[in-house]
$ cat model_6.cif   # mmCIF, C-alpha atoms and all ligand atoms
data_input
#
loop_
_atom_site.label_atom_id
_atom_site.label_comp_id
_atom_site.auth_asym_id
_atom_site.auth_seq_id
_atom_site.Cartn_x
_atom_site.Cartn_y
_atom_site.Cartn_z
CA MET A 1 5.66 9.73 -25.56
CA ILE A 2 9.10 8.23 -24.93
CA ILE A 3 9.01 6.77 -21.41
CA GLU A 4 12.19 6.30 -19.42
CA PRO A 5 12.65 4.92 -15.92
CA ARG A 6 12.66 7.63 -13.24
CA THR A 7 13.67 6.27 -9.85
CA ARG A 8 13.50 7.82 -6.43
CA GLY A 9 15.09 5.65 -3.74
CA PHE A 10 13.48 2.25 -3.88
CA ILE A 11 10.65 3.19 -6.18
CA CYS A 12 10.32 3.80 -9.87
CA LEU A 13 7.94 6.62 -10.74
CA THR A 14 7.32 5.70 -14.37
CA SER A 15 6.32 2.53 -16.17
CA HIS A 16 6.24 1.37 -19.76
CA PRO A 17 3.03 -0.01 -21.33
CA ILE A 18 4.74 -2.05 -24.05
CA GLY A 19 7.27 -3.51 -21.61
CA CYS A 20 4.43 -4.47 -19.24
CA GLU A 21 2.53 -6.01 -22.15
CA GLN A 22 5.60 -8.03 -23.13
CA ASN A 23 5.98 -9.25 -19.52
CA ILE A 24 2.38 -10.50 -19.63
CA LYS A 25 2.91 -12.24 -22.97
CA ASP A 26 6.07 -13.91 -21.63
CA GLN A 27 4.26 -15.14 -18.51
CA ILE A 28 1.36 -16.48 -20.58
CA ALA A 29 3.78 -18.27 -22.92
CA TYR A 30 5.50 -19.87 -19.92
CA VAL A 31 2.21 -21.17 -18.48
CA GLN A 32 1.12 -22.48 -21.87
CA SER A 33 4.46 -24.22 -22.39
CA LYS A 34 3.84 -26.24 -19.21
CA GLY A 35 0.51 -27.65 -20.43
CA LYS A 36 -3.00 -27.59 -19.02
CA ILE A 37 -3.75 -27.76 -15.31
CA GLU A 38 -7.02 -29.36 -14.15
CA GLY A 39 -7.70 -26.42 -11.86
CA ALA A 40 -10.43 -24.05 -10.71
CA LYS A 41 -12.67 -22.58 -13.42
CA LYS A 42 -14.02 -19.45 -11.71
CA VAL A 43 -11.37 -17.53 -9.89
CA LEU A 44 -11.26 -14.32 -7.87
CA VAL A 45 -7.81 -12.80 -7.35
CA ILE A 46 -7.48 -10.04 -4.76
CA GLY A 47 -4.22 -8.20 -5.50
CA ALA A 48 -4.24 -9.33 -9.14
CA SER A 49 -2.18 -6.73 -10.97
CA THR A 50 1.45 -7.44 -10.05
CA GLY A 51 3.70 -10.05 -8.42
CA PHE A 52 2.24 -13.33 -7.14
CA GLY A 53 -1.41 -12.28 -7.62
CA LEU A 54 -0.85 -11.46 -11.29
CA ALA A 55 0.98 -14.76 -11.77
CA SER A 56 -2.00 -16.50 -10.12
CA ARG A 57 -4.46 -14.82 -12.46
CA ILE A 58 -2.37 -15.77 -15.50
CA SER A 59 -1.90 -19.36 -14.29
CA SER A 60 -5.66 -19.78 -13.73
CA ALA A 61 -6.66 -18.22 -17.03
CA PHE A 62 -4.05 -19.70 -19.33
CA GLY A 63 -3.36 -22.91 -17.41
CA SER A 64 -6.95 -23.89 -16.60
CA ASP A 65 -9.07 -21.76 -18.99
CA ALA A 66 -10.59 -20.07 -15.94
CA ALA A 67 -12.85 -17.05 -15.88
CA THR A 68 -11.11 -14.50 -13.65
CA ILE A 69 -12.11 -11.42 -11.70
CA GLY A 70 -9.13 -9.33 -10.59
CA VAL A 71 -9.11 -6.71 -7.83
CA PHE A 72 -6.24 -4.25 -7.39
CA PHE A 73 -5.39 -0.65 -6.57
CA ASP A 74 -3.68 1.01 -9.52
CA LYS A 75 -3.30 4.37 -11.15
CA PRO A 76 -4.45 4.94 -14.74
CA ALA A 77 -2.30 7.14 -16.98
CA THR A 78 -3.09 10.76 -17.62
CA GLU A 79 -1.78 12.73 -20.58
CA GLY A 80 2.04 12.75 -20.29
CA ARG A 81 2.06 10.69 -17.07
CA PRO A 82 2.27 6.91 -17.33
CA GLY A 83 -0.07 4.76 -15.25
CA SER A 84 1.16 2.30 -12.63
CA PRO A 85 2.55 -1.03 -13.87
CA GLY A 86 -0.43 -2.97 -12.50
CA PHE A 87 -2.72 -0.90 -14.68
CA TYR A 88 -0.74 -1.67 -17.84
CA ASN A 89 -0.34 -5.33 -16.80
CA THR A 90 -4.09 -5.72 -16.40
CA ALA A 91 -4.87 -3.98 -19.69
CA ALA A 92 -2.56 -6.42 -21.48
CA PHE A 93 -3.88 -9.40 -19.51
CA GLU A 94 -7.50 -8.63 -20.38
CA GLN A 95 -6.64 -8.17 -24.05
CA GLU A 96 -4.89 -11.54 -24.19
CA ALA A 97 -7.66 -13.26 -22.21
CA THR A 98 -10.33 -11.89 -24.54
CA LYS A 99 -8.34 -13.04 -27.58
CA ALA A 100 -8.25 -16.51 -26.03
CA GLY A 101 -12.02 -16.45 -25.45
CA LEU A 102 -11.69 -16.19 -21.66
CA TYR A 103 -13.89 -14.13 -19.33
CA ALA A 104 -11.82 -11.47 -17.51
CA LYS A 105 -13.11 -8.48 -15.60
CA SER A 106 -11.33 -6.20 -13.19
CA ILE A 107 -12.16 -3.86 -10.34
CA ASN A 108 -9.75 -1.06 -9.45
CA GLY A 109 -10.13 0.26 -5.91
CA ASP A 110 -9.39 -0.28 -2.24
CA ALA A 111 -9.89 -4.00 -1.52
CA PHE A 112 -10.03 -3.24 2.21
CA SER A 113 -13.22 -1.21 1.76
CA ASN A 114 -16.84 -2.41 1.96
CA GLU A 115 -17.61 -0.65 -1.34
CA ILE A 116 -15.16 -2.73 -3.37
CA LYS A 117 -16.29 -5.97 -1.70
CA GLU A 118 -19.86 -5.05 -2.61
CA GLN A 119 -18.89 -4.33 -6.22
CA VAL A 120 -17.19 -7.71 -6.49
CA VAL A 121 -20.19 -9.48 -4.89
CA ASN A 122 -22.51 -7.87 -7.44
CA LEU A 123 -20.22 -8.72 -10.35
CA ILE A 124 -20.05 -12.38 -9.31
CA LYS A 125 -23.85 -12.49 -8.95
CA GLU A 126 -24.32 -11.00 -12.41
CA ASP A 127 -21.64 -12.88 -14.32
CA LEU A 128 -20.24 -16.01 -12.68
CA GLY A 129 -22.73 -17.17 -10.06
CA GLN A 130 -20.15 -18.78 -7.80
CA ILE A 131 -16.39 -18.82 -7.30
CA ASP A 132 -14.20 -21.96 -6.95
CA LEU A 133 -10.91 -20.35 -5.97
CA VAL A 134 -10.07 -17.11 -4.14
CA ILE A 135 -6.44 -15.99 -4.20
CA TYR A 136 -5.60 -13.37 -1.56
CA SER A 137 -2.37 -11.60 -2.56
CA LEU A 138 -2.48 -8.07 -1.20
CA ALA A 139 0.71 -6.27 -0.23
CA SER A 140 -0.05 -2.84 1.15
CA PRO A 141 1.61 -0.37 3.50
CA VAL A 142 -1.72 1.05 4.71
CA ARG A 143 -5.29 0.00 5.44
CA THR A 144 -8.30 2.11 6.24
CA HIS A 145 -10.43 -0.08 8.47
CA PRO A 146 -13.92 -0.47 7.02
CA ILE A 147 -15.65 -0.41 10.42
CA SER A 148 -13.76 2.26 12.39
CA GLY A 149 -12.61 4.31 9.40
CA LYS A 150 -9.20 4.49 11.10
CA ARG A 151 -6.11 4.40 8.89
CA PHE A 152 -3.40 1.94 9.94
CA LYS A 153 0.20 1.88 8.70
CA SER A 154 2.38 -1.20 8.59
CA VAL A 155 6.09 -0.97 9.40
CA LEU A 156 9.04 -3.24 8.71
CA LYS A 157 10.89 -3.36 12.01
CA PRO A 158 12.44 -5.89 14.35
CA ILE A 159 10.68 -6.59 17.65
CA GLY A 160 12.48 -6.11 20.97
CA GLU A 161 15.94 -4.96 19.95
CA VAL A 162 17.89 -3.05 17.34
CA PHE A 163 18.86 -5.19 14.35
CA THR A 164 22.17 -4.50 12.69
CA ASN A 165 23.34 -6.26 9.55
CA LYS A 166 24.58 -5.75 6.01
CA THR A 167 22.46 -4.40 3.21
CA VAL A 168 22.99 -3.25 -0.36
CA ASP A 169 21.77 -0.28 -2.35
CA PHE A 170 21.06 -2.24 -5.52
CA HIS A 171 21.18 0.88 -7.70
CA THR A 172 24.79 1.63 -6.76
CA GLY A 173 25.97 -1.78 -5.53
CA LYS A 174 27.18 -0.23 -2.26
CA VAL A 175 27.21 -2.72 0.61
CA SER A 176 26.89 -1.09 4.02
CA GLU A 177 25.86 -1.81 7.55
CA ILE A 178 22.41 -0.75 8.63
CA SER A 179 20.73 -0.59 12.02
CA ILE A 180 16.96 -0.75 12.31
CA ASN A 181 15.26 0.39 15.49
CA PRO A 182 12.72 -1.96 17.05
CA ALA A 183 8.96 -1.56 16.85
CA GLU A 184 7.46 0.87 19.33
CA GLY A 185 3.98 1.90 20.44
CA GLU A 186 1.36 0.14 18.37
CA ASP A 187 3.66 -0.77 15.46
CA VAL A 188 3.10 -4.52 15.83
CA GLU A 189 -0.72 -4.33 16.16
CA ASN A 190 -0.93 -1.86 13.28
CA THR A 191 1.15 -4.06 10.97
CA VAL A 192 -1.03 -7.04 11.87
CA THR A 193 -4.14 -4.96 11.11
CA VAL A 194 -2.80 -4.11 7.64
CA MET A 195 -1.08 -7.34 6.56
CA GLY A 196 -2.66 -9.97 8.85
CA GLY A 197 -5.68 -12.13 8.13
CA GLU A 198 -8.65 -9.95 9.15
CA ASP A 199 -9.37 -8.62 5.68
CA TRP A 200 -8.94 -12.06 4.08
CA LYS A 201 -11.63 -13.40 6.44
CA MET A 202 -13.86 -10.38 5.72
CA TRP A 203 -13.68 -11.20 2.00
CA MET A 204 -14.52 -14.85 2.59
CA ASP A 205 -17.39 -13.93 4.95
CA ALA A 206 -18.80 -11.51 2.37
CA LEU A 207 -18.68 -14.17 -0.36
CA GLN A 208 -20.03 -16.99 1.80
CA SER A 209 -22.91 -14.98 3.27
CA GLU A 210 -24.11 -14.26 -0.28
CA ASN A 211 -23.76 -17.93 -1.27
CA LEU A 212 -21.11 -17.09 -3.86
CA LEU A 213 -18.69 -19.92 -3.03
CA SER A 214 -19.06 -23.26 -4.78
CA GLU A 215 -18.98 -26.69 -3.11
CA GLY A 216 -15.33 -27.44 -2.31
CA ALA A 217 -14.23 -23.82 -2.80
CA THR A 218 -10.61 -23.14 -1.95
CA THR A 219 -8.83 -19.98 -0.89
CA VAL A 220 -5.08 -19.36 -0.72
CA ALA A 221 -3.07 -16.48 0.77
CA TYR A 222 0.68 -16.01 0.42
CA SER A 223 3.30 -15.90 3.14
CA TYR A 224 7.07 -15.86 3.59
CA ILE A 225 9.53 -17.34 6.09
CA GLY A 226 13.10 -16.90 4.81
CA PRO A 227 16.55 -17.55 6.27
CA GLU A 228 18.15 -16.87 9.67
CA VAL A 229 19.89 -13.75 8.41
CA THR A 230 16.65 -11.86 7.66
CA LYS A 231 14.70 -13.31 10.58
CA PRO A 232 14.96 -10.34 12.97
CA VAL A 233 13.57 -7.93 10.37
CA TYR A 234 11.19 -10.34 8.62
CA ARG A 235 9.76 -13.45 10.25
CA ASN A 236 10.46 -12.40 13.85
CA GLY A 237 9.70 -8.76 13.08
CA THR A 238 6.47 -6.80 12.67
CA ILE A 239 5.69 -8.27 9.24
CA GLY A 240 6.27 -11.78 10.62
CA ALA A 241 3.67 -11.08 13.32
CA ALA A 242 1.24 -10.21 10.53
CA LYS A 243 2.14 -13.42 8.67
CA ASP A 244 1.55 -15.45 11.88
CA ASP A 245 -1.91 -13.88 12.05
CA LEU A 246 -2.57 -14.59 8.35
CA GLU A 247 -1.53 -18.22 8.81
CA ALA A 248 -3.78 -18.61 11.89
CA THR A 249 -6.67 -17.12 9.90
CA ALA A 250 -6.46 -19.96 7.38
CA PHE A 251 -7.69 -22.36 10.08
CA LYS A 252 -10.58 -20.06 11.03
CA ILE A 253 -11.67 -19.77 7.39
CA THR A 254 -11.43 -23.54 6.90
CA ASP A 255 -13.79 -23.91 9.89
CA ASP A 256 -16.21 -21.43 8.33
CA LEU A 257 -16.11 -23.30 5.01
CA LYS A 258 -16.88 -26.73 6.55
CA SER A 259 -20.48 -26.81 5.28
CA LEU A 260 -19.11 -26.39 1.73
CA ASN A 261 -16.20 -28.79 2.16
CA GLY A 262 -14.07 -25.79 1.43
CA LYS A 263 -10.48 -25.14 2.50
CA ALA A 264 -8.21 -22.18 3.21
CA TYR A 265 -4.48 -22.52 2.76
CA VAL A 266 -1.41 -20.42 3.12
CA SER A 267 1.34 -20.99 0.59
CA VAL A 268 4.83 -19.99 1.65
CA ASN A 269 6.52 -18.61 -1.44
CA LYS A 270 10.10 -17.79 -2.42
CA ALA A 271 11.73 -14.39 -1.93
CA LEU A 272 11.43 -12.37 -5.12
CA VAL A 273 12.13 -8.87 -6.30
CA THR A 274 9.00 -6.74 -5.89
CA GLN A 275 8.51 -3.13 -4.93
CA ALA A 276 7.75 -4.25 -1.39
CA SER A 277 10.78 -6.51 -0.94
CA SER A 278 13.13 -3.84 -2.36
CA ALA A 279 12.08 -1.54 0.45
CA ILE A 280 12.98 -3.96 3.27
CA PRO A 281 16.60 -3.41 4.35
CA VAL A 282 18.88 -6.47 4.22
CA ILE A 283 16.47 -8.38 1.89
CA PRO A 284 17.95 -7.07 -1.40
CA LEU A 285 21.42 -8.33 -0.41
CA TYR A 286 19.95 -11.71 0.52
CA ILE A 287 17.99 -11.91 -2.75
CA SER A 288 21.00 -11.02 -4.87
CA LEU A 289 22.98 -13.88 -3.26
CA LEU A 290 19.97 -16.21 -3.44
CA PHE A 291 19.51 -15.58 -7.16
CA LYS A 292 23.18 -16.23 -7.86
CA VAL A 293 23.15 -19.54 -5.99
CA MET A 294 19.79 -20.74 -7.35
CA LYS A 295 20.66 -19.80 -10.94
CA ALA A 296 23.97 -21.70 -10.68
CA LYS A 297 22.04 -24.76 -9.49
CA GLY A 298 19.42 -24.38 -12.24
CA ILE A 299 16.55 -23.97 -9.73
CA HIS A 300 15.86 -20.23 -9.97
CA GLU A 301 12.18 -19.26 -10.27
CA GLY A 302 10.22 -16.04 -10.71
CA CYS A 303 6.59 -15.37 -9.72
CA ILE A 304 5.12 -17.21 -12.68
CA GLU A 305 7.30 -20.33 -12.24
CA GLN A 306 6.42 -20.37 -8.53
CA ILE A 307 2.67 -20.15 -9.05
CA GLN A 308 2.64 -22.54 -12.01
CA ARG A 309 4.37 -25.08 -9.73
CA LEU A 310 2.04 -24.26 -6.82
CA TYR A 311 -0.97 -25.01 -9.04
CA SER A 312 0.29 -27.96 -11.05
CA GLU A 313 2.13 -29.85 -8.30
CA ARG A 314 0.46 -28.82 -5.04
CA LEU A 315 -2.99 -27.24 -5.26
CA PHE A 316 -4.29 -29.23 -8.23
CA GLY A 317 -1.56 -31.86 -8.46
CA GLY A 318 -2.90 -34.12 -5.74
CA ASP A 319 0.01 -33.62 -3.33
CA LEU A 320 -0.27 -30.56 -1.11
CA ASN A 321 2.75 -31.74 0.87
CA LEU A 322 1.81 -29.56 3.87
CA ASP A 323 4.41 -28.74 6.52
CA ALA A 324 3.96 -29.33 10.26
CA LYS A 325 2.00 -26.07 10.51
CA GLY A 326 -0.37 -26.98 7.70
CA ARG A 327 1.23 -24.69 5.10
CA ILE A 328 1.95 -25.36 1.44
CA ARG A 329 5.65 -24.81 0.73
CA VAL A 330 6.91 -23.60 -2.64
CA ASP A 331 9.88 -21.98 -0.92
CA ASP A 332 11.26 -25.53 -0.67
CA TRP A 333 14.05 -24.91 -3.17
CA GLU A 334 15.02 -21.58 -1.57
CA MET A 335 15.21 -23.24 1.83
CA ARG A 336 17.22 -26.26 0.67
CA GLU A 337 20.17 -26.87 2.99
CA ASP A 338 22.80 -26.65 0.26
CA VAL A 339 21.35 -23.35 -1.01
CA GLN A 340 21.23 -21.78 2.45
CA ALA A 341 24.71 -23.01 3.39
CA GLU A 342 26.21 -21.35 0.31
CA ILE A 343 24.38 -18.10 0.97
CA ALA A 344 25.54 -18.06 4.60
CA GLU A 345 29.14 -18.36 3.42
CA LEU A 346 28.75 -15.66 0.76
CA TRP A 347 27.01 -13.39 3.25
CA GLN A 348 30.17 -13.19 5.38
CA LYS A 349 32.28 -12.28 2.36
CA ALA A 350 29.99 -9.79 0.62
CA THR A 351 31.45 -6.30 0.10
CA THR A 352 30.90 -3.45 -2.32
CA GLU A 353 33.97 -4.62 -4.22
CA ASN A 354 32.96 -8.27 -4.74
CA LEU A 355 29.15 -8.27 -4.75
CA ALA A 356 28.80 -7.89 -8.51
CA GLU A 357 30.79 -11.10 -8.80
CA ILE A 358 29.62 -13.24 -5.87
CA GLY A 359 26.01 -12.03 -6.02
CA ASP A 360 23.54 -11.48 -8.82
CA LEU A 361 23.33 -7.71 -8.51
CA GLU A 362 22.72 -7.33 -12.22
CA GLY A 363 19.87 -9.86 -12.10
CA TYR A 364 18.35 -8.02 -9.15
CA SER A 365 18.48 -4.67 -10.86
CA LYS A 366 17.09 -6.08 -14.11
CA GLU A 367 14.18 -7.72 -12.26
CA PHE A 368 13.47 -4.44 -10.46
CA PHE A 369 13.22 -2.48 -13.71
CA LYS A 370 11.20 -5.27 -15.32
CA LEU A 371 8.51 -4.74 -12.67
CA PHE A 372 7.88 -1.40 -14.36
CA GLY A 373 8.16 -2.67 -17.92
CA PHE A 374 11.76 -1.52 -18.43
CA LYS A 375 14.76 -3.56 -19.58
CA VAL A 376 12.40 -6.15 -21.04
CA ASP A 377 13.96 -8.16 -23.86
CA GLY A 378 12.51 -7.44 -27.29
CA VAL A 379 11.11 -3.98 -26.46
CA ASP A 380 12.38 -0.93 -28.36
CA TYR A 381 12.36 1.90 -25.83
CA ASN A 382 13.14 4.55 -28.46
CA VAL A 383 9.73 4.16 -30.06
CA ASP A 384 7.02 6.66 -29.21
CA VAL A 385 4.26 4.93 -27.21
CA ASN A 386 0.74 5.86 -26.22
CA GLU A 387 0.68 6.12 -22.43
CA LEU A 388 -3.13 6.37 -22.35
CA VAL A 389 -4.00 2.69 -22.24
CA ASN A 390 -7.42 1.49 -21.07
CA ILE A 391 -8.37 -1.66 -19.22
CA PRO A 392 -11.16 -3.02 -21.44
CA SER A 393 -13.55 -3.93 -18.56
CA ILE A 394 -12.99 -0.57 -16.83
CA GLN A 395 -14.04 2.26 -19.11
P1 LIG B 1 2.89 -6.82 -5.13
O1 LIG B 1 3.15 -5.48 -4.54
O2 LIG B 1 3.57 -7.19 -6.39
O3 LIG B 1 1.29 -6.98 -5.39
C1 LIG B 1 0.34 -6.51 -4.51
C2 LIG B 1 -1.02 -6.43 -5.17
O4 LIG B 1 -1.94 -5.90 -4.21
C3 LIG B 1 -1.11 -5.48 -6.38
O5 LIG B 1 -1.99 -6.03 -7.34
C4 LIG B 1 -1.74 -4.22 -5.79
O6 LIG B 1 -2.49 -3.45 -6.72
C5 LIG B 1 -2.67 -4.84 -4.78
N1 LIG B 1 -3.06 -3.93 -3.70
C6 LIG B 1 -2.27 -3.33 -2.77
N2 LIG B 1 -3.05 -2.58 -1.94
C7 LIG B 1 -4.33 -2.74 -2.34
C8 LIG B 1 -5.58 -2.25 -1.90
N3 LIG B 1 -5.69 -1.46 -0.85
N4 LIG B 1 -6.68 -2.61 -2.59
C9 LIG B 1 -6.62 -3.42 -3.68
N5 LIG B 1 -5.46 -3.93 -4.13
C10 LIG B 1 -4.34 -3.59 -3.47
O7 LIG B 1 3.15 -7.86 -3.98
P2 LIG B 1 3.72 -9.35 -3.94
O8 LIG B 1 5.16 -9.31 -3.64
O9 LIG B 1 3.22 -10.15 -5.09
O10 LIG B 1 3.02 -9.87 -2.60
C11 LIG B 1 1.79 -10.54 -2.57
C12 LIG B 1 1.76 -11.45 -1.35
O11 LIG B 1 2.83 -12.39 -1.45
C13 LIG B 1 1.99 -10.68 -0.04
O12 LIG B 1 1.19 -11.26 0.98
C14 LIG B 1 3.46 -10.94 0.25
O13 LIG B 1 3.77 -10.86 1.61
C15 LIG B 1 3.59 -12.38 -0.25
N6 LIG B 1 4.96 -12.82 -0.52
C16 LIG B 1 5.86 -12.00 -1.19
C17 LIG B 1 7.16 -12.43 -1.39
C18 LIG B 1 8.17 -11.57 -2.11
O14 LIG B 1 9.36 -11.87 -2.05
N7 LIG B 1 7.76 -10.55 -2.81
C19 LIG B 1 7.61 -13.76 -0.90
C20 LIG B 1 6.56 -14.56 -0.33
C21 LIG B 1 5.30 -14.08 -0.12
#

$ encode --input "model_6.cif" --output "structure tokens" --more "lines below"
Ligand code: NAI
Amino acid sequence: MIIEPRTRGFICLTSHPIGCEQNIKDQIAYVQSKGKIEGAKKVLVIGASTGFGLASRISSAFGSDAATIGVFFDKPATEGRPGSPGFYNTAAFEQEATKAGLYAKSINGDAFSNEIKEQVVNLIKEDLGQIDLVIYSLASPVRTHPISGKRFKSVLKPIGEVFTNKTVDFHTGKVSEISINPAEGEDVENTVTVMGGEDWKMWMDALQSENLLSEGATTVAYSYIGPEVTKPVYRNGTIGAAKDDLEATAFKITDDLKSLNGKAYVSVNKALVTQASSAIPVIPLYISLLFKVMKAKGIHEGCIEQIQRLYSERLFGGDLNLDAKGRIRVDDWEMREDVQAEIAELWQKATTENLAEIGDLEGYSKEFFKLFGFKVDGVDYNVDVNELVNIPSIQ
């Protein structure tokens, strides 16, 4: 079939298998161009099919020749209906890994559930024995709790008072003012239950109790801080409360891993275009200004550049360079004073009329479509493609 982008609001309903495959090949080529990393050899990535988790899987496999197990929640294609991008990404990743002689298996299902944890435990027992590195990179709006069976929803709201600021509809370029009502009822607790650290610890407990973690095993989860302008809706909002909980969980897991000399870290990453960040008001305007400023300074990075740097310079580079709260920082270039000062100035000026010029609206939009395999350089979208792609390890 010929597959075209079909958007509804902040989501794209279709995705393109060849575009996704090309994205994977480009990310692999980038990692290979940077040379080998003396990193972990047996890696479990939870949230492995898109964004930072996918970049982590690619960096481990093609930077360190690692065997990888990837867990994600994606939709396979049915006749006439494309699958989700993570499904196509993983199909292409496994094909490339196999060609390179690397072990790669994947499990598609709800990572919050006991069933999927059990499947992963059994797969490790059968195939890899033990794991050296666990990357925890889930981004989900909902979680069904494995003990109570209750379904929790996360929300993106400020805490305490209404937050009013500028935002942009990146499809139309219209800059407008938006007001977001504060969290109410159990919004904060629910968001912490979905995006906080409890599930990360459950994964580590499940692996450790079955003796599936190697001596010196490391685990890393991803977090975000960001600038003053997004603080009320991000770091001081409901999602920030969840990130505080995630960061506190790193210390608990490190305690648990003492007998193995293991460590849990949080890495604070840069703001990037993903489905999740496109849905948070105010963030798209910030990102479009951020991209413009960072590109002009020659320090722009995407997911793969961020994770390649995290691995080669911090995690396996001998210099974790932790901040006062014990976190790894690869948002260091985003948070540079000169970068933030320029954004603050542009923020005041930004209007519908000038944003295409003072911000990188085009770059934002292109990145958004690229998430779904569209607008990828070198792909002919007029060619008929087979939407029914399989992930080799999931038949
Ligand atoms: P993403 O949406 O690209 O990837 C999320 C992954 O989680 C996908 O592989 C998806 O299949 C998987 N997933 C979601 N729900 C699942 C479930 N129930 N069971 C199994 N798999 C599930 O997200 P992104 O942006 O890469 O985020 C990953 C982490 O990085 C998050 O903790 C996020 O807060 C953090 N982060 C994101 C930043 C950004 O700007 N996008 C910046 C800094 C940190």

$ residues_near_point --input "model_6.cif" --point "(19.5, 0.4, 0.8)" --cutoff "12 Å" --atoms "only C-alpha atoms" --output "list of chain:residue names"
A:Arg8, A:Gly9, A:Phe10, A:Ile11, A:Asn165, A:Lys166, A:Thr167, A:Val168, A:Asp169, A:Phe170, A:His171, A:Thr172, A:Gly173, A:Lys174, A:Val175, A:Ser176, A:Glu177, A:Ile178, A:Ser179, A:Ile180, A:Ser277, A:Ser278, A:Ala279, A:Ile280, A:Pro281, A:Val282, A:Ile283, A:Pro284, A:Leu285

$ residues_near_point --input "model_6.cif" --point "(-8.2, -12.5, -23.2)" --cutoff "12 Å" --atoms "only C-alpha atoms" --output "ChimeraX atom specification"
/A:24-25,28,57-58,61-62,65-68,90-105,391-393

$ residues_near_ligand --input "model_6.cif" --ligand "ligand LIG 1 (chain B)" --cutoff "7 Å" --atoms "all atoms listed in the file" --output "number ranges by chain"
A: 46-54, 71-74, 86, 108-112, 137-140, 143, 221-224, 268-277

$ closest_atom_pairs --input "model_6.cif" --of "segment 246-293 of chain A" --to "segment 336-352 of chain A" --cutoff "8 Å" --atoms "all atoms listed in the file" --output "tab-separated table"
residue	atom	partner	partner_atom	distance
A:Tyr286	CA	A:Trp347	CA	7.8
A:Leu289	CA	A:Ile343	CA	6.1
A:Leu290	CA	A:Ile343	CA	6.5
A:Val293	CA	A:Val339	CA	6.5

$ closest_residue --input "model_6.cif" --among "A:Pro227, A:Pro232, A:Gly197, A:Pro182" --to "Leu246 of chain A" --atoms "only C-alpha atoms"
A:Gly197

$ closest_residue --input "model_6.cif" --among "A:Gly149, A:Pro76, A:Gly262, A:Gly129" --to "Asn211 of chain A" --atoms "only C-alpha atoms"
A:Gly129

$ closest_residue --input "model_6.cif" --among "A:Leu260, A:Met294, A:Ala183, A:Val194" --to "Thr144 of chain A" --atoms "all atoms listed in the file"
A:Val194

$ atom_distance --input "model_6.cif" --atom1 "atom CA of Thr7 of chain A" --atom2 "atom CA of Phe368 of chain A"
10.7 Å

$ closest_residue --input "model_6.cif" --among "A:Val155, A:Val31, A:Cys12, A:Cys20" --to "Val379 of chain A" --atoms "all atoms listed in the file"
A:Cys20

$ atom_distance --input "model_6.cif" --atom1 "atom CA of Leu133 of chain A" --atom2 "atom CA of Trp200 of chain A"
13.2 Å

$ atom_distance --input "model_6.cif" --atom1 "atom CA of Asp377 of chain A" --atom2 "atom CA of Gly363 of chain A"
13.3 Å

$ residues_around --input "model_6.cif" --residues "Gly19 of chain A" --least-positions-apart "2" --cutoff "12 Å" --atoms "all atoms listed in the file" --output "ChimeraX atom specification"
/A:3-5,14-17,21-26,85-86,88-89,92,369-381,383,385,387

$ write_last_selection --input "model_6.cif" --atoms "C-alpha atoms" --output "short mmCIF file (atom, residue, chain, number, x, y, z; two decimals), in the frame of the given file"
data_model
loop_
_atom_site.label_atom_id
_atom_site.label_comp_id
_atom_site.auth_asym_id
_atom_site.auth_seq_id
_atom_site.Cartn_x
_atom_site.Cartn_y
_atom_site.Cartn_z
CA ILE A 3 9.01 6.77 -21.41
CA GLU A 4 12.19 6.30 -19.42
CA PRO A 5 12.65 4.92 -15.92
CA THR A 14 7.32 5.70 -14.37
CA SER A 15 6.32 2.53 -16.17
CA HIS A 16 6.24 1.37 -19.76
CA PRO A 17 3.03 -0.01 -21.33
CA GLU A 21 2.53 -6.01 -22.15
CA GLN A 22 5.60 -8.03 -23.13
CA ASN A 23 5.98 -9.25 -19.52
CA ILE A 24 2.38 -10.50 -19.63
CA LYS A 25 2.91 -12.24 -22.97
CA ASP A 26 6.07 -13.91 -21.63
CA PRO A 85 2.55 -1.03 -13.87
CA GLY A 86 -0.43 -2.97 -12.50
CA TYR A 88 -0.74 -1.67 -17.84
CA ASN A 89 -0.34 -5.33 -16.80
CA ALA A 92 -2.56 -6.42 -21.48
CA PHE A 369 13.22 -2.48 -13.71
CA LYS A 370 11.20 -5.27 -15.32
CA LEU A 371 8.51 -4.74 -12.67
CA PHE A 372 7.88 -1.40 -14.36
CA GLY A 373 8.16 -2.67 -17.92
CA PHE A 374 11.76 -1.52 -18.43
CA LYS A 375 14.76 -3.56 -19.58
CA VAL A 376 12.40 -6.15 -21.04
CA ASP A 377 13.96 -8.16 -23.86
CA GLY A 378 12.51 -7.44 -27.29
CA VAL A 379 11.11 -3.98 -26.46
CA ASP A 380 12.38 -0.93 -28.36
CA TYR A 381 12.36 1.90 -25.83
CA VAL A 383 9.73 4.16 -30.06
CA VAL A 385 4.26 4.93 -27.21
CA GLU A 387 0.68 6.12 -22.43
#

$ residues_around --input "model_6.cif" --residues "segment 152-154 of chain A" --least-positions-apart "3" --cutoff "9 Å" --atoms "all atoms listed in the file" --output "short mmCIF file (atom, residue, chain, number, x, y, z; two decimals) with C-alpha atoms, in the coordinates of the input"
data_model
loop_
_atom_site.label_atom_id
_atom_site.label_comp_id
_atom_site.auth_asym_id
_atom_site.auth_seq_id
_atom_site.Cartn_x
_atom_site.Cartn_y
_atom_site.Cartn_z
CA SER A 140 -0.05 -2.84 1.15
CA PRO A 141 1.61 -0.37 3.50
CA VAL A 142 -1.72 1.05 4.71
CA ARG A 143 -5.29 0.00 5.44
CA THR A 144 -8.30 2.11 6.24
CA HIS A 145 -10.43 -0.08 8.47
CA ASP A 187 3.66 -0.77 15.46
CA VAL A 188 3.10 -4.52 15.83
CA GLU A 189 -0.72 -4.33 16.16
CA ASN A 190 -0.93 -1.86 13.28
CA THR A 191 1.15 -4.06 10.97
CA VAL A 192 -1.03 -7.04 11.87
CA THR A 193 -4.14 -4.96 11.11
CA VAL A 194 -2.80 -4.11 7.64
CA MET A 195 -1.08 -7.34 6.56
CA THR A 238 6.47 -6.80 12.67
CA ILE A 239 5.69 -8.27 9.24
#
